[in-house]
Amino acid sequence: MSGRWARAMLTAYRFAGAAAYPLVGPYVAWRTSRGKEDRNRRRERYGVAGRPRPEGPVIWIHAASVGETIAVVPLVESILDYGVNIVLTTGTVTSAQVADERLGDRIIHQYVPLDLKPAVSRFLDHWRPDLAIIAESEIWPMTILELGARHVPQVLVNGRLSDRSFTSWKKRANIAEALFENLAHVVAQSDVDGERFRALGARPVTVSGNLKVDTNPPPVDERVLASLQRQIGGRPTWAAISTHDGEEVVAAEVHATLHKRHHGLLTIVVPRHPDRAEALAAQISGMGLKVARRSKGDRIGPDTDILLGDTIGEMGLYLRLTEIAFVGRSLTSEGGQNPLEPAMLDTAVLAGRNVQNFREAYQRLIDSGGAKLVRDRDMLAGAVNFLLTNEVARHEMMAAGIATVDEMRGALARTLKSLEPYIQPLVVKSRLKGANGR
């Protein structure tokens with residue numbers, strides 16, 4: 001496939017839509033079928049603005065979901081200090097809530113437009129961004145092409161390419177190059193990610209580290225925390241967080257194995273998708289275990305086996321209730337979830353072996369002794385049992401995790417340095433606009 005043919009194919013996609021570009025057709029279908037939008041703001045998904053455009057320069061920052069949104073909050077706050085307007089788009093209701101809680105009316109939040117030409121064009125016609133900053137792995141061809149056609153600089157920050165995504169793009173290397181050449185700069189999470197973006201034609205590429213390391217620990221309502229701590233008392237606890245299908249049952253089975261050995265053991269299960277809670281509660285109860293659901297305000301009694309953390313935005317609460325956390329999407333699913341939040345909250349980290357999406361973070365934690373990977377349910381039960389039994393080893397693991405996170409910090413400063421050539425002209429423009437407006 002020649003570069004000229006690849007560009008022609010992308011041009012056809014730009015004007016004809018997803019059907020002209022089979023690689024992303026399924027992506028668009030996925031995006032339109034998720035159903036995770038606010039019904040009252042659905043028009044924003046078609047590019048219809050919910051707010052007027054402010055005067056002066058505008059930077060568009062996009063973060064797909066909760067993890068990406070939390071990761072870019074410090075970056076957004078740093079850019080706001082320059083006095084430049086920011087439109088922040090996210091893709092889910094939960095990420096919109098996070099944006100509101102942490103940034104409030106300092107930014108303009110919109111739901112990201114669907115990657116279809118009418119929606120993207122409508123969005124860009126209204127907001128007229130001077131710079132687009134995209135977080136992590138959000139590669140939407142229509143959006144990238146339309147920004148490129150309007151000569152809007154695009155910078156990918158905290159960029160990563162999973163094993164699966166990289167393999168898929170390599171099979172279409174010419175298309176990838178024709179697409180990635182529209183990016184003014186890629187700021188990658190790791191050396192591996194940086195090399196992958198370079199292999200696909202992105203230039204220039206720098207490596208910053210993971211922005212998620214430079215975030216603050218997830219917040220907590222201290223009154224709620226104190227109330228649950230009183231209910232738990234001195235009982236031993238461990239948590240299985242960000243779990244995916246099958247991992248909740250594994251956690252319940254581990255509890256059943258260990259509760260006789262550790263009197264009063266309480267297992268905290270926090271599913272990645274709380275909308276599965278009803279079925280999970282029934283399934284775990286069917287195993288003869290007593291479940292208290294956080295969403296229903298159930299009290300944790302002496303006979304409660306499982307606290308089901310079926311709420312959104314309370315990870316900081318659940319992690320502060322324990323010193324041991326298994327991080328899901330790593331035993332029965334692939335990719336893993338972010339281990340940095342539990343590590344920075346003084347927690348010994350366990351996970352399955354399928355942690356490709358957070359390979360560098362896990363490798364650093366494993367090398368320092370702050371995390372351990374387990375093969376299966378029995379190995380998980382053994383690891384939890386060991387940590388519950390050995391306080392010294394548990395605290396050494398917790399301390400190693402915090403130290404590793406501290407060593408990994410600095411991604412925010414490196415990212416801001418890479419963004420400086422694109423932001424500084426907008427700062428000058430904004431100040432001139434303000435001076436002329438007085």
# chains A, B, ... in the order shown; residues from 1 in each chain; ligands from 1
>>> residues_around(residues="stretch 423-430 of chain A", least_positions_apart="6", cutoff="12 Å", atoms="only C-alpha atoms", output="MDAnalysis selection string")
chainID A and resid 54:60 78:86 129:133 153:155 415:417 436:437
>>> write_last_selection(atoms="N, CA, C and O atoms", output="compact mmCIF listing (two decimals), in the first residue's frame")
# COMPACT_ATOMS: atom_id res chain seq x y z
N PRO A 54 -15.97 31.39 24.42
CA PRO A 54 -15.43 32.58 25.08
C PRO A 54 -14.55 33.38 24.14
O PRO A 54 -14.07 32.87 23.12
N GLU A 55 -14.31 34.63 24.46
CA GLU A 55 -13.41 35.46 23.67
C GLU A 55 -11.97 35.01 23.91
O GLU A 55 -11.63 34.49 24.97
N GLY A 56 -11.14 35.22 22.92
CA GLY A 56 -9.73 34.90 23.07
C GLY A 56 -9.39 33.49 22.67
O GLY A 56 -10.24 32.71 22.22
N PRO A 57 -8.12 33.10 22.85
CA PRO A 57 -7.67 31.75 22.47
C PRO A 57 -8.39 30.66 23.26
O PRO A 57 -8.73 30.84 24.43
N VAL A 58 -8.60 29.53 22.60
CA VAL A 58 -9.23 28.37 23.24
C VAL A 58 -8.37 27.13 22.98
O VAL A 58 -7.96 26.88 21.84
N ILE A 59 -8.10 26.40 24.04
CA ILE A 59 -7.41 25.11 23.91
C ILE A 59 -8.44 24.01 24.15
O ILE A 59 -9.16 24.03 25.16
N TRP A 60 -8.52 23.08 23.23
CA TRP A 60 -9.40 21.92 23.38
C TRP A 60 -8.58 20.77 23.94
O TRP A 60 -7.59 20.35 23.34
N SER A 78 -2.58 23.57 35.37
CA SER A 78 -1.35 24.31 35.03
C SER A 78 -1.59 25.24 33.86
O SER A 78 -1.10 26.38 33.85
N ILE A 79 -2.33 24.79 32.85
CA ILE A 79 -2.61 25.62 31.69
C ILE A 79 -3.54 26.76 32.06
O ILE A 79 -3.40 27.90 31.58
N LEU A 80 -4.51 26.49 32.94
CA LEU A 80 -5.41 27.55 33.40
C LEU A 80 -4.65 28.69 34.06
O LEU A 80 -5.05 29.86 33.98
N ASP A 81 -3.55 28.34 34.72
CA ASP A 81 -2.75 29.38 35.38
C ASP A 81 -2.18 30.38 34.38
O ASP A 81 -1.83 31.51 34.75
N TYR A 82 -2.08 29.97 33.10
CA TYR A 82 -1.61 30.89 32.07
C TYR A 82 -2.70 31.87 31.62
O TYR A 82 -2.43 32.82 30.90
N GLY A 83 -3.95 31.61 32.02
CA GLY A 83 -5.04 32.50 31.64
C GLY A 83 -5.64 32.22 30.28
O GLY A 83 -6.22 33.12 29.66
N VAL A 84 -5.53 30.97 29.81
CA VAL A 84 -6.08 30.59 28.51
C VAL A 84 -7.35 29.77 28.73
O VAL A 84 -7.42 28.94 29.64
N ASN A 85 -8.37 30.00 27.89
CA ASN A 85 -9.63 29.26 27.99
C ASN A 85 -9.44 27.80 27.60
O ASN A 85 -8.71 27.49 26.66
N ILE A 86 -10.12 26.92 28.32
CA ILE A 86 -10.05 25.48 28.02
C ILE A 86 -11.45 24.91 27.85
O ILE A 86 -12.32 25.10 28.70
N PRO A 129 -10.87 25.91 18.05
CA PRO A 129 -9.72 25.78 18.96
C PRO A 129 -8.42 26.22 18.30
O PRO A 129 -8.22 26.03 17.10
N ASP A 130 -7.56 26.82 19.09
CA ASP A 130 -6.23 27.22 18.62
C ASP A 130 -5.22 26.10 18.80
O ASP A 130 -4.15 26.11 18.18
N LEU A 131 -5.53 25.15 19.67
CA LEU A 131 -4.66 24.02 19.95
C LEU A 131 -5.53 22.87 20.45
O LEU A 131 -6.48 23.10 21.20
N ALA A 132 -5.22 21.66 20.01
CA ALA A 132 -5.93 20.46 20.49
C ALA A 132 -4.94 19.55 21.21
O ALA A 132 -3.89 19.22 20.67
N ILE A 133 -5.27 19.18 22.45
CA ILE A 133 -4.46 18.28 23.25
C ILE A 133 -5.28 17.04 23.52
O ILE A 133 -6.36 17.12 24.11
N PRO A 153 -2.81 22.87 15.50
CA PRO A 153 -1.80 21.95 16.07
C PRO A 153 -2.45 20.93 16.99
O PRO A 153 -3.33 21.27 17.79
N GLN A 154 -2.02 19.67 16.85
CA GLN A 154 -2.55 18.60 17.68
C GLN A 154 -1.40 17.93 18.41
O GLN A 154 -0.44 17.49 17.79
N VAL A 155 -1.54 17.82 19.73
CA VAL A 155 -0.50 17.19 20.54
C VAL A 155 -1.15 16.05 21.33
O VAL A 155 -2.16 16.25 22.01
N THR A 415 5.82 17.22 30.37
CA THR A 415 4.74 17.44 29.39
C THR A 415 4.56 18.93 29.13
O THR A 415 4.41 19.36 27.97
N LEU A 416 4.56 19.73 30.18
CA LEU A 416 4.41 21.19 30.02
C LEU A 416 5.55 21.77 29.20
O LEU A 416 5.34 22.68 28.39
N LYS A 417 6.75 21.24 29.38
CA LYS A 417 7.89 21.72 28.59
C LYS A 417 7.68 21.42 27.10
O LYS A 417 7.97 22.26 26.24
N ASN A 436 -6.02 45.06 25.04
CA ASN A 436 -6.77 45.85 24.07
C ASN A 436 -8.23 46.01 24.46
O ASN A 436 -8.89 46.96 24.04
N GLY A 437 -8.71 45.07 25.30
CA GLY A 437 -10.11 45.11 25.68
C GLY A 437 -10.39 46.04 26.82
O GLY A 437 -11.54 46.35 27.14
>>> closest_residue(among="A:Leu147, A:Ser165, A:Asn210, A:Asp367", to="A:Glu68", atoms="only C-alpha atoms")
A:Asn210
>>> atom_distance(atom1="atom CA of A:Ala64", atom2="atom CA of A:Ala371")
27.3 Å
>>> atom_distance(atom1="atom CA of A:Gly159", atom2="atom CA of A:Leu331")
24.9 Å
>>> residues_around(residues="A:Ile306", least_positions_apart="4", cutoff="8 Å", atoms="only C-alpha atoms", output="list in words")
Ala252, Leu266, Thr267, Ile268, Val269, Leu289, Lys290, Val291 and Ala292 of chain A
>>> atom_distance(atom1="atom CA of A:Thr143", atom2="atom CA of A:Val98")
23.8 Å
>>> select_by_dssp(residues="stretch 124-240 of chain A", states="strand (DSSP E or B)", output="compact mmCIF listing (two decimals) with all heavy atoms, in the first residue's frame")
# COMPACT_ATOMS: atom_id res chain seq x y z
N LEU A 131 -5.53 25.15 19.67
CA LEU A 131 -4.66 24.02 19.95
C LEU A 131 -5.53 22.87 20.45
O LEU A 131 -6.48 23.10 21.20
CB LEU A 131 -3.62 24.40 21.02
CG LEU A 131 -2.76 23.28 21.64
CD1 LEU A 131 -1.85 22.67 20.58
CD2 LEU A 131 -1.94 23.82 22.81
N ALA A 132 -5.22 21.66 20.01
CA ALA A 132 -5.93 20.46 20.49
C ALA A 132 -4.94 19.55 21.21
O ALA A 132 -3.89 19.22 20.67
CB ALA A 132 -6.58 19.71 19.33
N ILE A 133 -5.27 19.18 22.45
CA ILE A 133 -4.46 18.28 23.25
C ILE A 133 -5.28 17.04 23.52
O ILE A 133 -6.36 17.12 24.11
CB ILE A 133 -4.02 18.94 24.57
CG1 ILE A 133 -3.18 20.20 24.29
CG2 ILE A 133 -3.22 17.95 25.43
CD1 ILE A 133 -2.84 21.00 25.53
N ILE A 134 -4.79 15.89 23.10
CA ILE A 134 -5.52 14.63 23.20
C ILE A 134 -4.78 13.72 24.17
O ILE A 134 -3.56 13.59 24.09
CB ILE A 134 -5.64 13.95 21.82
CG1 ILE A 134 -6.25 14.92 20.80
CG2 ILE A 134 -6.49 12.68 21.90
CD1 ILE A 134 -5.99 14.54 19.36
N ALA A 135 -5.51 13.08 25.08
CA ALA A 135 -4.88 12.27 26.12
C ALA A 135 -4.85 10.79 25.76
O ALA A 135 -5.84 10.23 25.30
CB ALA A 135 -5.59 12.46 27.46
N GLN A 154 -2.02 19.67 16.85
CA GLN A 154 -2.55 18.60 17.68
C GLN A 154 -1.40 17.93 18.41
O GLN A 154 -0.44 17.49 17.79
CB GLN A 154 -3.25 17.54 16.82
CG GLN A 154 -4.34 18.09 15.92
CD GLN A 154 -4.86 17.03 14.97
OE1 GLN A 154 -5.40 16.00 15.40
NE2 GLN A 154 -4.70 17.25 13.67
N VAL A 155 -1.54 17.82 19.73
CA VAL A 155 -0.50 17.19 20.54
C VAL A 155 -1.15 16.05 21.33
O VAL A 155 -2.16 16.25 22.01
CB VAL A 155 0.16 18.19 21.51
CG1 VAL A 155 1.25 17.49 22.33
CG2 VAL A 155 0.74 19.37 20.75
N LEU A 156 -0.57 14.87 21.20
CA LEU A 156 -1.02 13.71 21.98
C LEU A 156 -0.17 13.65 23.24
O LEU A 156 1.06 13.57 23.17
CB LEU A 156 -0.86 12.43 21.17
CG LEU A 156 -1.34 11.14 21.81
CD1 LEU A 156 -2.86 11.13 21.94
CD2 LEU A 156 -0.88 9.92 21.00
N VAL A 157 -0.79 13.73 24.42
CA VAL A 157 -0.06 13.68 25.68
C VAL A 157 -0.37 12.38 26.42
O VAL A 157 -1.42 11.78 26.23
CB VAL A 157 -0.39 14.89 26.57
CG1 VAL A 157 -0.02 16.19 25.88
CG2 VAL A 157 -1.84 14.91 27.01
N ASN A 158 0.58 11.98 27.26
CA ASN A 158 0.43 10.72 28.00
C ASN A 158 0.15 9.56 27.05
O ASN A 158 -0.58 8.63 27.37
CB ASN A 158 -0.67 10.83 29.05
CG ASN A 158 -0.35 10.07 30.32
OD1 ASN A 158 0.80 10.03 30.74
ND2 ASN A 158 -1.35 9.48 30.95
N GLY A 159 0.72 9.67 25.85
CA GLY A 159 0.39 8.74 24.78
C GLY A 159 0.84 7.32 25.06
O GLY A 159 1.92 7.08 25.57
N HIS A 185 3.03 16.83 17.74
CA HIS A 185 3.95 16.31 18.74
C HIS A 185 3.26 15.17 19.47
O HIS A 185 2.07 15.24 19.75
CB HIS A 185 4.31 17.42 19.75
CG HIS A 185 5.58 17.15 20.52
ND1 HIS A 185 6.62 18.04 20.56
CD2 HIS A 185 5.98 16.10 21.28
CE1 HIS A 185 7.60 17.55 21.32
NE2 HIS A 185 7.21 16.37 21.77
N VAL A 186 4.00 14.13 19.78
CA VAL A 186 3.51 13.04 20.63
C VAL A 186 4.37 13.01 21.88
O VAL A 186 5.60 12.90 21.80
CB VAL A 186 3.57 11.68 19.91
CG1 VAL A 186 3.24 10.55 20.90
CG2 VAL A 186 2.60 11.64 18.74
N VAL A 187 3.73 13.13 23.04
CA VAL A 187 4.41 13.02 24.32
C VAL A 187 4.00 11.67 24.90
O VAL A 187 2.88 11.50 25.38
CB VAL A 187 4.03 14.17 25.27
CG1 VAL A 187 4.88 14.11 26.54
CG2 VAL A 187 4.20 15.52 24.58
N ALA A 188 4.89 10.70 24.83
CA ALA A 188 4.56 9.31 25.18
C ALA A 188 4.82 9.02 26.65
O ALA A 188 5.65 9.66 27.30
CB ALA A 188 5.36 8.35 24.31
N VAL A 205 8.60 12.84 18.71
CA VAL A 205 8.09 12.08 19.85
C VAL A 205 9.04 12.29 21.03
O VAL A 205 10.26 12.14 20.88
CB VAL A 205 7.99 10.57 19.54
CG1 VAL A 205 7.52 9.81 20.77
CG2 VAL A 205 7.05 10.33 18.37
N THR A 206 8.50 12.66 22.17
CA THR A 206 9.28 12.73 23.40
C THR A 206 8.62 11.83 24.44
O THR A 206 7.46 11.46 24.30
CB THR A 206 9.38 14.16 23.94
OG1 THR A 206 8.06 14.69 24.13
CG2 THR A 206 10.14 15.06 22.98
N VAL A 207 9.37 11.50 25.48
CA VAL A 207 8.86 10.63 26.54
C VAL A 207 8.78 11.43 27.83
O VAL A 207 9.77 12.05 28.24
CB VAL A 207 9.75 9.39 26.73
CG1 VAL A 207 9.26 8.53 27.89
CG2 VAL A 207 9.78 8.57 25.44
N THR A 237 -8.80 -6.71 56.71
CA THR A 237 -9.46 -6.42 55.43
C THR A 237 -8.49 -6.59 54.27
O THR A 237 -7.28 -6.49 54.42
CB THR A 237 -9.99 -4.96 55.40
OG1 THR A 237 -8.87 -4.06 55.45
CG2 THR A 237 -10.92 -4.68 56.56
N TRP A 238 -9.06 -6.83 53.10
CA TRP A 238 -8.33 -6.72 51.84
C TRP A 238 -9.36 -6.33 50.78
O TRP A 238 -10.57 -6.45 51.00
CB TRP A 238 -7.61 -8.01 51.46
CG TRP A 238 -8.49 -9.11 50.95
CD1 TRP A 238 -9.33 -9.88 51.68
CD2 TRP A 238 -8.62 -9.53 49.58
NE1 TRP A 238 -10.00 -10.77 50.87
CE2 TRP A 238 -9.58 -10.58 49.58
CE3 TRP A 238 -8.03 -9.14 48.38
CZ2 TRP A 238 -9.95 -11.24 48.40
CZ3 TRP A 238 -8.40 -9.80 47.21
CH2 TRP A 238 -9.34 -10.83 47.22
N ALA A 239 -8.88 -5.79 49.66
CA ALA A 239 -9.79 -5.29 48.64
C ALA A 239 -9.43 -5.85 47.27
O ALA A 239 -8.26 -6.08 46.96
CB ALA A 239 -9.76 -3.76 48.59
N ALA A 240 -10.46 -6.05 46.46
CA ALA A 240 -10.31 -6.35 45.04
C ALA A 240 -10.98 -5.20 44.30
O ALA A 240 -12.20 -5.04 44.36
CB ALA A 240 -10.97 -7.68 44.69
>>> residues_around(residues="A:Gln110", least_positions_apart="4", cutoff="9 Å", atoms="only C-alpha atoms", output="list in words")
Arg41, Glu44, Arg45, Ala49, Gly50, Arg51, Val87, Leu88, Thr89, Thr90, Gly91 and Ala96 of chain A
>>> residues_around(residues="A:Arg276", least_positions_apart="4", cutoff="10 Å", atoms="only C-alpha atoms", output="ChimeraX atom specification")
/A:244-245,271-272,280-281,310
>>> write_last_selection(atoms="N, CA and C atoms", output="short mmCIF file (atom, residue, chain, number, x, y, z; two decimals), in the first residue's frame")
data_model
loop_
_atom_site.label_atom_id
_atom_site.label_comp_id
_atom_site.auth_asym_id
_atom_site.auth_seq_id
_atom_site.Cartn_x
_atom_site.Cartn_y
_atom_site.Cartn_z
N HIS A 244 -13.25 -6.92 36.89
CA HIS A 244 -14.05 -7.22 35.71
C HIS A 244 -14.71 -8.59 35.89
N ASP A 245 -15.58 -8.91 34.95
CA ASP A 245 -16.40 -10.11 35.05
C ASP A 245 -15.56 -11.34 35.41
N PRO A 271 -16.30 -3.27 41.82
CA PRO A 271 -16.34 -3.58 40.38
C PRO A 271 -16.06 -2.34 39.54
N ARG A 272 -15.40 -2.56 38.43
CA ARG A 272 -15.10 -1.45 37.51
C ARG A 272 -16.39 -0.81 37.01
N LEU A 280 -24.13 -9.10 40.77
CA LEU A 280 -23.00 -9.55 41.59
C LEU A 280 -23.44 -9.86 43.01
N ALA A 281 -24.27 -8.99 43.58
CA ALA A 281 -24.74 -9.20 44.95
C ALA A 281 -25.49 -10.52 45.05
N ASP A 310 -20.25 -0.50 45.21
CA ASP A 310 -20.95 -0.26 43.94
C ASP A 310 -21.32 1.21 43.79
#
>>> select_by_dssp(residues="stretch 287-322 of chain A", states="alpha helix (DSSP H)", output="number ranges by chain")
A: 315-319
>>> closest_residue(among="A:Glu391, A:Ser162, A:Asn216, A:Pro141", to="A:Glu341", atoms="only C-alpha atoms")
A:Asn216
